[in-house]
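First up is the structure itself, then whatever we jot down about it.
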Amino acid sequence: MNENSTATRKRRRKNSDAGDGKKNKEVKGILTSLLFLDEQEKHDELELQKISEEEKKSIESNHRKKKNAMFGYYSNLDDYYSDVEESEQIKRKKSRGVARAALVAVTGATEDGADSRDAKSGGGGPRRLWVKDRSGAWWDECNKAEFPEEEFKKAFRMGKVTFDAICEELNSVIAKEDTTLRNAIPVKQRVAVCLWRLATGDPLRIVSKRFGLGISTCHKLVLEVCTAIKNVLMPKYLQWPDEVSIRTIKNEFESISGIPNVVGSMYTSHVPIIAPKISVASYFNKRHTERNQKTSYSITVQGVVNPRGVFTDVCIGWPGSMNDDQVLEKSALFHRANSGFMEGVWVVGGSGYPLMDWVLVPYTQQNLTWTQHAFNEKIGEVKKIAKDAFARLKGRWGCLQKRTEVKLQDLPIVLGACCVLHNICESRNEEIDPELIFDIVDDDMVPEDALRSVSSMKARDAIAHNLLHHGLAGTKFL
C-alpha cells in the first residue's frame, strides 16, 4: 500500500516537472519572437530613413534641374525677343529712310525752309514728330467770331469778352513757342480746356475728344492754367478789402440787415473726393454719408464774401471730418484776427461757428425770446449771401459737385482757381443759368465751446435789442 502511493507521488512529480519544462520553453519562445520583432522594426525604421533621405535628395536634385532648365529657357527667350526687336527697329529705320527719300523725290523738298531744317537736324531730311490725328473741330467752331454768344457762355460759363480778358492776363505766363517738332497749343485753347474741364467736371477722356488733344496733355493744361490763375489773378481778384472798400461793405451789409460793422459773410462747404490712400479716416464725411446713405470723403472750402457774393478770403483743403469751428481755427483769417486785424468789425457765420470778438453767430439755445428770434432772422439774411455765393460757385464749376480725377495735393490749386474765376464772373456781372445753381444743404453742428467771449455776448444782446426796438427786425412775428 505504501509502495503504491509512493509510486503515484513520483509520477505526479515527474508530470509536473514536465509541464513546467513546457511552460518555460513556451515563455522562452515568446521572448525570442518579441526580440526578433523589435529588431525587425528597428531594421525597418532604418530602411525607411534611408529611403526617405534618398527620396528627399532625389526631389531636391530634380527641383534644381527644373529650375536651371527654366532659367535657361527664359534667358534664351529673352535673347530671342531682343534679337527680334532689334531687327524690327532696323527694318523700321530702313522703311522710314525709303519713305523719306520717296517724299523728297515726289515733292522736291529742297526748298529753303526744308534745307534750313535739314541743316539744324544734321541733314537726312526734315525732322518730324508723329502725332495722333485727332479732331478739334468743336473747339475750332467755338473759336470763330460768329459762334453764338449764348452757346459760348453755356460751354465756358462766361461771355467771350470775359474769356478774352482772362486769356490776355494769362498770356505772358502760359504762352508757349512753336518748335521744329510741332506747333504750340494757342493760349485761348489752353484756357478753354481748363474752363471746360472745371465747368463740366467731365472725365479727361471726354475733354480730350472735345479739343482734339491727348488725355495727358489736357490734364497738364488744366493744372498749368489753374496754377497761373492762382499766381497771377488771385492777388488781383481775391483779396481782403482795403479801408475804403471796407466802409462801403459795412454800409451795404447794414442796409441789408440793420447790423452795423459787418465786413463779411462766412460759410464752409465740402467738396467730394475719392478716398485717399493715406489718412482715410480724417477725410471721412460722416454727415454726408448719413444723408446720402453712401460712404463720402471730402475736403473743406471756407469762404468769406462781400454783399455781392464775391470772395474776399478763402481757406481750402482741410479734411472733411473737421467741423466748421475747427476749420476756422486753422485758417489764416483766424490768426490775423488774433493779432488784432479784425478789431471793431464782425464776420457773420452760422451756428457751426463759435461766438467770438469778431465772429457774430445766431442764438442756438432752446426757448428763444422774441428779441433773439428777431436777431436770428437778420443774421440768417447775412448768412444767406455766403450760402448763395457757394451755390453759384458750385453751379458754375461742376467739378466741385463730383469726385474728380485730380490728385489730393493738387486740389487746393484747382479749387482756388474756381473761386478766382467765380469772382471774375461776379464782378463782371456774368449771370448764371438758374438751372445750374447748386442746392446747398446746411450741416451746421454747434461747437462744444460755442461762447468764447463775454464781451461779444453783451455786444450781440445789444445789437438784438436795437434791431427789435428800432423796427429793423421782428416784423415776421407781427
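Each chain of the C-alpha cells is named A, B, ... in the order shown, its residues numbered from 1; ligands are numbered from 1 in display order.
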Counting only C-alpha atoms, what is within 12 Å of Ala145 in chain A, bar same-chain residues fewer than 5 positions away, as number ranges by chain? A: 140, 152, 160-161, 164
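Residues in contact with Arg428 in chain A at 9 Å, where only C-alpha atoms are counted and same-chain residues fewer than 4 positions away are skipped, are listed as A:Thr162, A:Asn423, A:Ile424.
With CA of Pro447 in chain A on one side and CA of Pro354 in chain A on the other, the separation reads 6.5 Å.
The space separating CA of His373 in chain A from CA of Leu468 in chain A comes to 9.7 Å.
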Proximity of range 377-427 of chain A to range 264-281 of chain A: per-residue shortest pair, 7 Å limit, only C-alpha atoms, as JSON lines:
{"residue": "A:Val382", "atom": "CA", "partner": "A:Ser265", "partner_atom": "CA", "distance": 6.1}
{"residue": "A:Lys383", "atom": "CA", "partner": "A:Ser265", "partner_atom": "CA", "distance": 5.7}
{"residue": "A:Ile385", "atom": "CA", "partner": "A:Ser265", "partner_atom": "CA", "distance": 6.7}
{"residue": "A:Ala386", "atom": "CA", "partner": "A:Ser265", "partner_atom": "CA", "distance": 5.4}
{"residue": "A:Lys387", "atom": "CA", "partner": "A:Tyr267", "partner_atom": "CA", "distance": 6.3}
{"residue": "A:Leu400", "atom": "CA", "partner": "A:Val271", "partner_atom": "CA", "distance": 5.7}
{"residue": "A:Gln401", "atom": "CA", "partner": "A:Val271", "partner_atom": "CA", "distance": 6.6}
{"residue": "A:Lys402", "atom": "CA", "partner": "A:Pro272", "partner_atom": "CA", "distance": 5.9}
{"residue": "A:Arg403", "atom": "CA", "partner": "A:Ile273", "partner_atom": "CA", "distance": 4.6}
{"residue": "A:Thr404", "atom": "CA", "partner": "A:Ile273", "partner_atom": "CA", "distance": 6.3}
For the selection you just gave me, I'd like the residues written to a file as a JSON list (two decimals), in the first residue's frame, keeping C-alpha atoms.
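Wrote it out as part-v4.json, contents follow:
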[["chain", "number", "residue", "atom", "x", "y", "z"],
["A", 382, "VAL", "CA", -26.48, 137.86, -44.00],
["A", 383, "LYS", "CA", -25.53, 134.18, -43.88],
["A", 385, "ILE", "CA", -25.40, 135.80, -49.01],
["A", 386, "ALA", "CA", -22.44, 133.47, -48.45],
["A", 387, "LYS", "CA", -24.55, 130.35, -48.90],
["A", 400, "LEU", "CA", -16.93, 120.87, -57.34],
["A", 401, "GLN", "CA", -20.05, 118.70, -57.32],
["A", 402, "LYS", "CA", -18.46, 115.34, -58.08],
["A", 403, "ARG", "CA", -15.40, 113.33, -57.21],
["A", 404, "THR", "CA", -12.59, 114.36, -59.53]]
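Closest approach to Leu195 in chain A from the set A:Tyr363, A:Phe390, A:Trp370, A:Trp397 is made by A:Trp397, with distances taken over only C-alpha atoms.
CA of Trp318 in chain A is found 27.6 Å from CA of Val191 in chain A.
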